[in-house]
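K.L.:
What follows is the file query_39.csv, containing CSV, C-alpha atoms:
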chain,number,residue,atom,x,y,z
A,1,ASP,CA,89.2,115.8,67.3
A,2,THR,CA,87.1,113.5,69.4
A,3,GLY,CA,89.5,111.0,70.6
A,4,VAL,CA,92.2,108.4,69.9
A,5,SER,CA,91.6,106.6,66.6
A,6,GLN,CA,93.0,103.1,65.8
A,7,ASN,CA,93.0,101.1,62.6
A,8,PRO,CA,92.2,98.5,61.7
A,9,ARG,CA,89.8,97.5,64.5
A,10,HIS,CA,90.2,93.8,63.7
A,11,LYS,CA,92.9,91.9,61.9
A,12,ILE,CA,93.0,88.2,61.2
A,13,THR,CA,96.3,86.9,59.8
A,14,LYS,CA,98.2,83.7,59.3
A,15,ARG,CA,101.2,82.8,61.4
A,16,GLY,CA,104.4,84.2,59.9
A,17,GLN,CA,102.7,87.2,58.2
A,18,ASN,CA,103.5,90.8,59.1
A,19,VAL,CA,100.8,93.2,60.4
A,20,THR,CA,100.8,96.9,61.0
A,21,PHE,CA,98.5,98.9,63.3
A,22,ARG,CA,98.0,102.7,63.1
A,23,CYS,CA,97.1,105.0,66.0
A,24,ASP,CA,96.1,108.7,65.6
A,25,PRO,CA,96.3,110.4,69.0
A,26,ILE,CA,94.4,113.5,70.2
A,27,SER,CA,96.1,116.2,68.2
A,28,GLU,CA,97.4,118.3,71.1
A,29,HIS,CA,98.8,115.3,73.0
A,30,ASN,CA,102.6,114.9,72.7
A,31,ARG,CA,102.7,111.6,74.6
A,32,LEU,CA,101.7,108.3,73.0
A,33,TYR,CA,101.7,104.8,74.5
A,34,TRP,CA,101.0,101.3,73.2
A,35,TYR,CA,99.6,98.6,75.5
A,36,ARG,CA,98.7,95.0,74.8
A,37,GLN,CA,95.7,93.3,76.4
A,38,THR,CA,95.3,89.5,76.3
A,39,LEU,CA,92.0,87.7,77.1
A,40,GLY,CA,91.1,88.0,80.8
A,41,GLN,CA,93.9,90.4,81.6
A,42,GLY,CA,94.4,94.0,82.1
A,43,PRO,CA,96.5,96.0,79.6
A,44,GLU,CA,100.3,95.7,79.7
A,45,PHE,CA,102.7,98.5,78.7
A,46,LEU,CA,104.6,98.0,75.5
A,47,THR,CA,106.2,101.4,74.5
A,48,TYR,CA,106.1,105.1,75.0
A,49,PHE,CA,106.8,108.1,72.7
A,50,GLN,CA,107.2,111.7,73.6
A,51,ASN,CA,106.7,113.6,70.3
A,52,GLU,CA,108.7,111.5,67.8
A,53,ALA,CA,111.2,110.0,70.3
A,54,GLN,CA,110.6,106.5,71.5
A,55,LEU,CA,111.7,106.8,75.1
A,56,GLU,CA,110.6,103.6,76.7
A,57,LYS,CA,110.3,100.0,75.6
A,58,SER,CA,109.0,97.1,77.7
A,59,ARG,CA,110.7,93.7,77.7
A,60,LEU,CA,107.5,92.4,76.2
A,61,LEU,CA,108.4,94.2,73.0
A,62,SER,CA,110.5,91.5,71.2
A,63,ASP,CA,112.7,92.1,68.2
A,64,ARG,CA,109.7,91.3,66.0
A,65,PHE,CA,107.9,94.4,67.2
A,66,SER,CA,108.7,97.9,66.0
A,67,ALA,CA,106.9,101.1,66.7
A,68,GLU,CA,107.4,104.5,65.1
A,69,ARG,CA,105.9,107.9,65.4
A,70,PRO,CA,107.2,110.0,62.5
A,71,LYS,CA,106.8,113.8,63.0
A,72,GLY,CA,105.3,113.2,66.4
A,73,SER,CA,101.8,112.7,65.1
A,74,PHE,CA,100.4,109.3,64.3
A,75,SER,CA,102.1,106.1,65.3
A,76,THR,CA,102.4,102.6,63.8
A,77,LEU,CA,103.1,99.3,65.5
A,78,GLU,CA,104.4,96.6,63.2
A,79,ILE,CA,104.7,92.9,64.1
A,80,GLN,CA,106.8,90.8,61.9
A,81,ARG,CA,106.5,87.0,61.5
A,82,THR,CA,103.5,86.9,63.7
A,83,GLU,CA,103.0,84.0,66.2
A,84,GLN,CA,99.9,82.7,67.7
A,85,GLY,CA,101.0,84.2,71.0
A,86,ASP,CA,100.7,87.7,69.5
A,87,SER,CA,96.9,87.3,69.4
A,88,ALA,CA,95.7,90.2,71.6
A,89,MET,CA,94.1,93.6,71.7
A,90,TYR,CA,96.6,96.3,70.9
A,91,LEU,CA,95.6,99.6,72.6
A,92,CYS,CA,97.0,103.0,71.9
A,93,ALA,CA,96.7,105.9,74.3
A,94,SER,CA,97.8,109.5,74.4
A,95,SER,CA,98.2,112.1,77.0
A,96,PRO,CA,99.1,115.8,77.3
A,97,GLY,CA,101.3,115.1,80.3
A,98,PHE,CA,99.1,116.5,83.0
A,99,ARG,CA,95.3,116.9,82.9
A,100,ARG,CA,94.0,120.3,83.9
A,101,GLY,CA,92.0,120.0,87.1
A,102,VAL,CA,93.4,116.6,88.1
A,103,SER,CA,96.5,117.5,90.1
A,104,GLY,CA,99.4,115.1,89.8
A,105,ALA,CA,97.7,112.9,87.3
A,106,ASN,CA,98.8,112.0,83.8
A,107,VAL,CA,95.5,110.8,82.5
A,108,LEU,CA,95.8,108.5,79.4
A,109,THR,CA,93.0,108.6,76.8
A,110,PHE,CA,92.7,105.2,75.1
A,111,GLY,CA,91.5,104.3,71.7
A,112,ALA,CA,89.2,101.4,71.0
A,113,GLY,CA,92.0,99.1,70.2
A,114,SER,CA,93.1,96.8,67.3
A,115,ARG,CA,92.2,93.2,67.9
A,116,LEU,CA,94.7,90.8,66.3
A,117,THR,CA,94.0,87.1,65.7
A,118,VAL,CA,96.9,84.9,64.5
A,119,LEU,CA,95.8,81.6,63.0
B,120,ALA,CA,107.4,95.7,92.1
B,121,GLN,CA,104.1,97.4,91.9
B,122,LYS,CA,101.0,95.3,91.7
B,123,ILE,CA,97.3,95.7,91.5
B,124,THR,CA,94.9,93.0,92.8
B,125,GLN,CA,91.2,92.8,91.9
B,126,THR,CA,89.7,89.8,93.6
B,127,GLN,CA,86.2,90.0,92.1
B,128,PRO,CA,86.0,88.5,88.7
B,129,GLY,CA,82.3,89.4,88.4
B,130,MET,CA,79.8,91.5,90.2
B,131,PHE,CA,76.0,91.8,89.9
B,132,VAL,CA,73.9,94.7,90.9
B,133,GLN,CA,70.4,95.9,90.3
B,134,GLU,CA,69.7,99.1,88.6
B,135,LYS,CA,69.7,102.1,91.0
B,136,GLU,CA,71.6,100.2,93.7
B,137,ALA,CA,75.1,101.1,94.7
B,138,VAL,CA,78.1,98.8,94.1
B,139,THR,CA,81.6,98.6,95.4
B,140,LEU,CA,84.4,97.2,93.3
B,141,ASP,CA,87.5,96.2,95.2
B,142,CYS,CA,91.1,97.1,94.5
B,143,THR,CA,94.2,96.6,96.6
B,144,TYR,CA,97.7,97.6,95.6
B,145,ASP,CA,101.3,97.0,96.5
B,146,THR,CA,104.0,99.6,96.2
B,147,SER,CA,107.0,100.8,98.0
B,148,ASP,CA,106.8,104.3,96.5
B,149,GLN,CA,105.8,107.2,98.7
B,150,SER,CA,104.2,109.1,95.9
B,151,TYR,CA,101.8,107.2,93.6
B,152,GLY,CA,98.5,107.6,91.8
B,153,LEU,CA,95.6,105.3,91.4
B,154,PHE,CA,93.1,105.2,88.5
B,155,TRP,CA,89.9,103.5,87.6
B,156,TYR,CA,89.1,102.8,84.0
B,157,LYS,CA,85.9,101.3,82.4
B,158,GLN,CA,86.0,99.1,79.4
B,159,PRO,CA,82.7,98.5,77.6
B,160,SER,CA,82.3,95.7,75.0
B,161,SER,CA,83.5,98.2,72.4
B,162,GLY,CA,87.0,97.9,73.8
B,163,GLU,CA,87.8,101.5,74.6
B,164,MET,CA,89.2,102.2,78.0
B,165,ILE,CA,87.4,105.1,79.6
B,166,PHE,CA,89.0,107.1,82.4
B,167,LEU,CA,86.7,107.4,85.5
B,168,ILE,CA,88.5,108.7,88.5
B,169,TYR,CA,92.0,109.4,89.9
B,170,GLN,CA,93.4,109.4,93.5
B,171,GLY,CA,96.8,110.7,94.4
B,172,SER,CA,98.6,109.2,97.3
B,173,TYR,CA,98.9,112.6,99.1
B,174,ASP,CA,95.3,113.7,98.4
B,175,GLU,CA,93.6,114.2,101.7
B,176,GLN,CA,90.1,113.7,100.5
B,177,ASN,CA,88.6,110.7,98.6
B,178,ALA,CA,88.1,111.5,95.0
B,179,THR,CA,84.6,111.9,93.5
B,180,GLU,CA,83.4,112.3,90.0
B,181,GLY,CA,79.7,112.3,89.6
B,182,ARG,CA,78.3,108.9,90.5
B,183,TYR,CA,81.8,107.5,91.0
B,184,SER,CA,83.8,107.8,94.2
B,185,LEU,CA,87.0,106.3,95.3
B,186,ASN,CA,87.2,104.8,98.9
B,187,PHE,CA,90.9,105.3,99.5
B,188,GLN,CA,92.3,103.6,102.6
B,189,LYS,CA,96.1,104.2,102.5
B,190,ALA,CA,97.0,102.1,105.5
B,191,ARG,CA,95.2,99.1,104.1
B,192,LYS,CA,96.5,99.9,100.5
B,193,SER,CA,93.0,99.7,99.1
B,194,ALA,CA,91.3,102.0,96.5
B,195,ASN,CA,87.8,100.7,96.0
B,196,LEU,CA,85.5,102.2,93.4
B,197,VAL,CA,81.9,103.0,94.5
B,198,ILE,CA,79.3,103.5,91.8
B,199,SER,CA,76.1,105.0,93.2
B,200,ALA,CA,72.7,104.6,91.5
B,201,SER,CA,73.8,102.0,89.0
B,202,GLN,CA,72.6,102.3,85.4
B,203,LEU,CA,72.3,99.7,82.7
B,204,GLY,CA,75.0,101.5,80.8
B,205,ASP,CA,77.4,100.8,83.7
B,206,SER,CA,77.7,97.1,82.6
B,207,ALA,CA,81.3,96.7,81.6
B,208,MET,CA,84.8,95.6,82.7
B,209,TYR,CA,86.3,97.9,85.3
B,210,PHE,CA,90.1,98.1,85.8
B,211,CYS,CA,92.0,99.5,88.7
B,212,ALA,CA,95.5,100.8,87.7
B,213,MET,CA,98.5,102.4,89.5
B,214,ARG,CA,101.1,104.7,88.2
B,215,ALA,CA,104.4,102.7,88.6
B,216,GLN,CA,107.9,104.1,88.2
B,217,MET,CA,110.3,102.1,86.2
B,218,ASN,CA,114.1,102.2,86.8
B,219,THR,CA,114.5,104.8,84.1
B,220,GLY,CA,112.2,107.2,85.9
B,221,PHE,CA,109.4,106.7,83.4
B,222,GLN,CA,106.0,106.1,84.9
B,223,LYS,CA,103.8,103.5,83.4
B,224,LEU,CA,100.3,102.3,84.3
B,225,VAL,CA,100.0,98.9,85.9
B,226,PHE,CA,96.6,97.3,85.6
B,227,GLY,CA,94.7,94.7,87.6
B,228,THR,CA,92.8,91.8,86.0
B,229,GLY,CA,89.5,93.7,86.1
B,230,THR,CA,86.0,93.1,87.4
B,231,ARG,CA,83.1,92.5,85.1
B,232,LEU,CA,80.0,94.4,86.3
B,233,LEU,CA,76.5,93.4,85.2
B,234,VAL,CA,73.6,95.7,86.0
B,235,SER,CA,70.2,94.2,85.8
B,236,PRO,CA,66.9,96.0,85.4
Let me see the file written as structure tokens.
P.N.:
Amino acid sequence: DTGVSQNPRHKITKRGQNVTFRCDPISEHNRLYWYRQTLGQGPEFLTYFQNEAQLEKSRLLSDRFSAERPKGSFSTLEIQRTEQGDSAMYLCASSPGFRRGVSGANVLTFGAGSRLTVL
Amino acid sequence: AQKITQTQPGMFVQEKEAVTLDCTYDTSDQSYGLFWYKQPSSGEMIFLIYQGSYDEQNATEGRYSLNFQKARKSANLVISASQLGDSAMYFCAMRAQMNTGFQKLVFGTGTRLLVSP
């Protein structure tokens, strides 16, 4: 397992359509995160899973967004009735909790992201 | 609320020179952590270096070092001997505690570094 994998890498859709992104974390990582990055900005936190439980959701995650992590392995992020404002890079990250040798740190390993363009 | 400020939208450096990327932060937490990530054009965020607020020494990882000045609330990244492959966006981030106790990463707006031959 070489890293966090995200699919698709690019998605172009029309406003009002539903889209789903998939994230496969590093296999031994029990923590999984979704972030959103818009043009010219740093990533912003969306949601967090520990194993299969979704423990945190940002206020950025509107009712049109839903994330799942069945069986505590891969995760999906679905956006229903997409809007142009949803256009962004959706980044997935995973972590083991604490990284050996880096005391006090919970280092997140990110995937390459899924870029969404809503026309 | 916790905040990260990166005031340099872009920086230029010649190959083999050193460069400093600025980062200031704002937090009322006594215990916090600061991170630097690199984002090449491929999109992946690559972890570079971490500094804990109670760490007595500045963090170093190969060519990367973190100039941590707690009183000034700054955590600048120093890249020594720049290489062409260092051209990328660089993000400073801080571990921020939410009301629920969960700690999320808060990122700055980033600095684009261009390394020229």
K.L.:
List every residue of chain B that has an atom at most 6 Å from any atom of chain A, giving for each one its closest atom pair and the distance in Å to one decimal, counting all atoms listed in the file, sorted by chain and then by ascending residue number, as CSV.
P.N.:
residue,atom,partner,partner_atom,distance
B:Gly162,CA,A:Ala112,CA,5.0
B:Glu163,CA,A:Ala112,CA,3.9
B:Met164,CA,A:Phe110,CA,5.4
B:Phe226,CA,A:Gly42,CA,5.3
B:Gly227,CA,A:Gly42,CA,5.6
B:Thr228,CA,A:Gln41,CA,4.7
K.L.:
For the atom pair CA of Tyr144 in chain B and CA of Gln121 in chain B, what is the interatomic distance in Å to one decimal place?
P.N.:
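If I compute the distance from CA of Tyr144 in chain B to CA of Gln121 in chain B, I get 7.4 Å.
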K.L.:
One number please: CA of Ala194 in chain B to CA of Thr143 in chain B, in Å, one decimal.
P.N.:
6.1 Å
K.L.:
Within 9 Å of Glu78 in chain A, counting only C-alpha atoms, which residues qualify if same-chain residues fewer than 6 places away don't, as a PyMOL selection string?
P.N.:
chain A and resi 18-22+64-68
K.L.:
In file coordinates, which residues lie within 10 Å of (73.3, 99.6, 86.3) using all atoms listed in the file, given as a list in words?
P.N.:
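Using all atoms listed in the file, the matching residues come out as Phe131, Val132, Gln133, Glu134, Lys135, Glu136, Ala137, Val138, Ile198, Ser199, Ala200, Ser201, Gln202, Leu203, Gly204, Asp205, Ser206, Ala207, Leu232, Leu233, Val234, Ser235 and Pro236 of chain B.
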K.L.:
CA of Trp155 in chain B to CA of Ile168 in chain B: how many Å, to one decimal?
P.N.:
5.5 Å
K.L.:
Restricting the calculation to all atoms listed in the file: of B:Thr219, B:Ser160, B:Ser193, B:Thr230, which residue gets closest to Gly129 in chain B?
P.N.:
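When distances to Gly129 in chain B are compared using all atoms listed in the file, the smallest one comes from B:Thr230.
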K.L.:
Find the residue from B:Val225, B:Met130, B:Ala190, B:Met213 that sits nearest to Gly152 in chain B; use only C-alpha atoms when measuring.
P.N.:
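The shortest atom-to-atom distance to Gly152 in chain B comes from B:Met213.
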K.L.:
Could you check which residues have any atom within 12 Å of (99.2, 119.3, 69.8), counting all atoms listed in the file with coordinates taken straight from the file, and then list them as a list in words?
P.N.:
Asp1, Asp24, Pro25, Ile26, Ser27, Glu28, His29, Asn30, Arg31, Leu32, Gln50, Asn51, Lys71, Gly72, Ser73, Phe74, Ser94, Ser95, Pro96 and Gly97 of chain A
K.L.:
So that I can see what lies close to Gly85 in chain A, please list as number ranges by chain the residues with an atom at most 10 Å from it, counting only C-alpha atoms and leaving out residues fewer than 6 positions away in the same chain.
P.N.:
A: 15, 38, 117-119
K.L.:
Since fewer atoms than expected are present, regenerate N, CA, C and O atoms for range 30-51 of chain A and write them as a PDB file, in the frame of the given file.
P.N.:
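Wrote rebuild24.pdb, looks like this:
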ATOM      1  N   ASN A  30     101.217 115.243  73.212  1.00  0.00           N
ATOM      2  CA  ASN A  30     102.600 114.900  72.700  1.00  0.00           C
ATOM      3  C   ASN A  30     103.054 113.568  73.188  1.00  0.00           C
ATOM      4  O   ASN A  30     104.079 113.083  72.743  1.00  0.00           O
ATOM      5  N   ARG A  31     102.304 112.916  74.094  1.00  0.00           N
ATOM      6  CA  ARG A  31     102.700 111.600  74.600  1.00  0.00           C
ATOM      7  C   ARG A  31     101.839 110.519  74.030  1.00  0.00           C
ATOM      8  O   ARG A  31     100.621 110.667  73.992  1.00  0.00           O
ATOM      9  N   LEU A  32     102.462 109.428  73.605  1.00  0.00           N
ATOM     10  CA  LEU A  32     101.700 108.300  73.000  1.00  0.00           C
ATOM     11  C   LEU A  32     102.244 107.016  73.543  1.00  0.00           C
ATOM     12  O   LEU A  32     103.451 106.826  73.717  1.00  0.00           O
ATOM     13  N   TYR A  33     101.311 106.108  73.814  1.00  0.00           N
ATOM     14  CA  TYR A  33     101.700 104.800  74.500  1.00  0.00           C
ATOM     15  C   TYR A  33     100.999 103.697  73.669  1.00  0.00           C
ATOM     16  O   TYR A  33      99.896 103.838  73.140  1.00  0.00           O
ATOM     17  N   TRP A  34     101.652 102.549  73.670  1.00  0.00           N
ATOM     18  CA  TRP A  34     101.000 101.300  73.200  1.00  0.00           C
ATOM     19  C   TRP A  34     100.973 100.325  74.357  1.00  0.00           C
ATOM     20  O   TRP A  34     101.952 100.151  75.109  1.00  0.00           O
ATOM     21  N   TYR A  35      99.821  99.683  74.479  1.00  0.00           N
ATOM     22  CA  TYR A  35      99.600  98.600  75.500  1.00  0.00           C
ATOM     23  C   TYR A  35      99.064  97.392  74.758  1.00  0.00           C
ATOM     24  O   TYR A  35      98.434  97.494  73.698  1.00  0.00           O
ATOM     25  N   ARG A  36      99.261  96.232  75.374  1.00  0.00           N
ATOM     26  CA  ARG A  36      98.700  95.000  74.800  1.00  0.00           C
ATOM     27  C   ARG A  36      97.821  94.361  75.902  1.00  0.00           C
ATOM     28  O   ARG A  36      98.180  94.330  77.091  1.00  0.00           O
ATOM     29  N   GLN A  37      96.659  93.888  75.466  1.00  0.00           N
ATOM     30  CA  GLN A  37      95.700  93.300  76.400  1.00  0.00           C
ATOM     31  C   GLN A  37      95.325  91.882  75.892  1.00  0.00           C
ATOM     32  O   GLN A  37      94.715  91.762  74.826  1.00  0.00           O
ATOM     33  N   THR A  38      95.679  90.855  76.640  1.00  0.00           N
ATOM     34  CA  THR A  38      95.300  89.500  76.300  1.00  0.00           C
ATOM     35  C   THR A  38      93.998  89.152  77.045  1.00  0.00           C
ATOM     36  O   THR A  38      93.617  89.832  78.010  1.00  0.00           O
ATOM     37  N   LEU A  39      93.355  88.088  76.631  1.00  0.00           N
ATOM     38  CA  LEU A  39      92.000  87.700  77.100  1.00  0.00           C
ATOM     39  C   LEU A  39      92.093  87.500  78.657  1.00  0.00           C
ATOM     40  O   LEU A  39      92.944  86.772  79.169  1.00  0.00           O
ATOM     41  N   GLY A  40      91.206  88.180  79.365  1.00  0.00           N
ATOM     42  CA  GLY A  40      91.100  88.000  80.800  1.00  0.00           C
ATOM     43  C   GLY A  40      92.144  88.754  81.618  1.00  0.00           C
ATOM     44  O   GLY A  40      92.225  88.588  82.839  1.00  0.00           O
ATOM     45  N   GLN A  41      92.909  89.593  80.951  1.00  0.00           N
ATOM     46  CA  GLN A  41      93.900  90.400  81.600  1.00  0.00           C
ATOM     47  C   GLN A  41      93.745  91.840  81.452  1.00  0.00           C
ATOM     48  O   GLN A  41      93.025  92.284  80.548  1.00  0.00           O
ATOM     49  N   GLY A  42      94.420  92.621  82.297  1.00  0.00           N
ATOM     50  CA  GLY A  42      94.400  94.000  82.100  1.00  0.00           C
ATOM     51  C   GLY A  42      95.519  94.403  81.066  1.00  0.00           C
ATOM     52  O   GLY A  42      96.378  93.584  80.739  1.00  0.00           O
ATOM     53  N   PRO A  43      95.474  95.612  80.553  1.00  0.00           N
ATOM     54  CA  PRO A  43      96.500  96.000  79.600  1.00  0.00           C
ATOM     55  C   PRO A  43      97.897  96.023  80.187  1.00  0.00           C
ATOM     56  O   PRO A  43      98.066  96.299  81.374  1.00  0.00           O
ATOM     57  N   GLU A  44      98.881  95.703  79.321  1.00  0.00           N
ATOM     58  CA  GLU A  44     100.300  95.700  79.700  1.00  0.00           C
ATOM     59  C   GLU A  44     101.040  96.697  78.845  1.00  0.00           C
ATOM     60  O   GLU A  44     100.869  96.694  77.624  1.00  0.00           O
ATOM     61  N   PHE A  45     101.912  97.483  79.450  1.00  0.00           N
ATOM     62  CA  PHE A  45     102.700  98.500  78.700  1.00  0.00           C
ATOM     63  C   PHE A  45     103.638  97.896  77.744  1.00  0.00           C
ATOM     64  O   PHE A  45     104.346  96.930  78.061  1.00  0.00           O
ATOM     65  N   LEU A  46     103.665  98.477  76.538  1.00  0.00           N
ATOM     66  CA  LEU A  46     104.600  98.000  75.500  1.00  0.00           C
ATOM     67  C   LEU A  46     105.685  99.120  75.254  1.00  0.00           C
ATOM     68  O   LEU A  46     106.885  98.845  75.317  1.00  0.00           O
ATOM     69  N   THR A  47     105.238 100.337  74.901  1.00  0.00           N
ATOM     70  CA  THR A  47     106.200 101.400  74.500  1.00  0.00           C
ATOM     71  C   THR A  47     105.606 102.750  74.666  1.00  0.00           C
ATOM     72  O   THR A  47     104.388 102.906  74.720  1.00  0.00           O
ATOM     73  N   TYR A  48     106.484 103.756  74.711  1.00  0.00           N
ATOM     74  CA  TYR A  48     106.100 105.100  75.000  1.00  0.00           C
ATOM     75  C   TYR A  48     106.873 106.087  74.072  1.00  0.00           C
ATOM     76  O   TYR A  48     108.085 105.931  73.906  1.00  0.00           O
ATOM     77  N   PHE A  49     106.163 107.062  73.506  1.00  0.00           N
ATOM     78  CA  PHE A  49     106.800 108.100  72.700  1.00  0.00           C
ATOM     79  C   PHE A  49     106.477 109.471  73.330  1.00  0.00           C
ATOM     80  O   PHE A  49     105.363 109.730  73.772  1.00  0.00           O
ATOM     81  N   GLN A  50     107.478 110.318  73.319  1.00  0.00           N
ATOM     82  CA  GLN A  50     107.200 111.700  73.600  1.00  0.00           C
ATOM     83  C   GLN A  50     107.598 112.458  72.306  1.00  0.00           C
ATOM     84  O   GLN A  50     108.758 112.436  71.874  1.00  0.00           O
ATOM     85  N   ASN A  51     106.609 113.073  71.701  1.00  0.00           N
ATOM     86  CA  ASN A  51     106.700 113.600  70.300  1.00  0.00           C
ATOM     87  C   ASN A  51     107.204 112.434  69.443  1.00  0.00           C
ATOM     88  O   ASN A  51     106.588 111.391  69.460  1.00  0.00           O
TER      89      ASN A  51
END
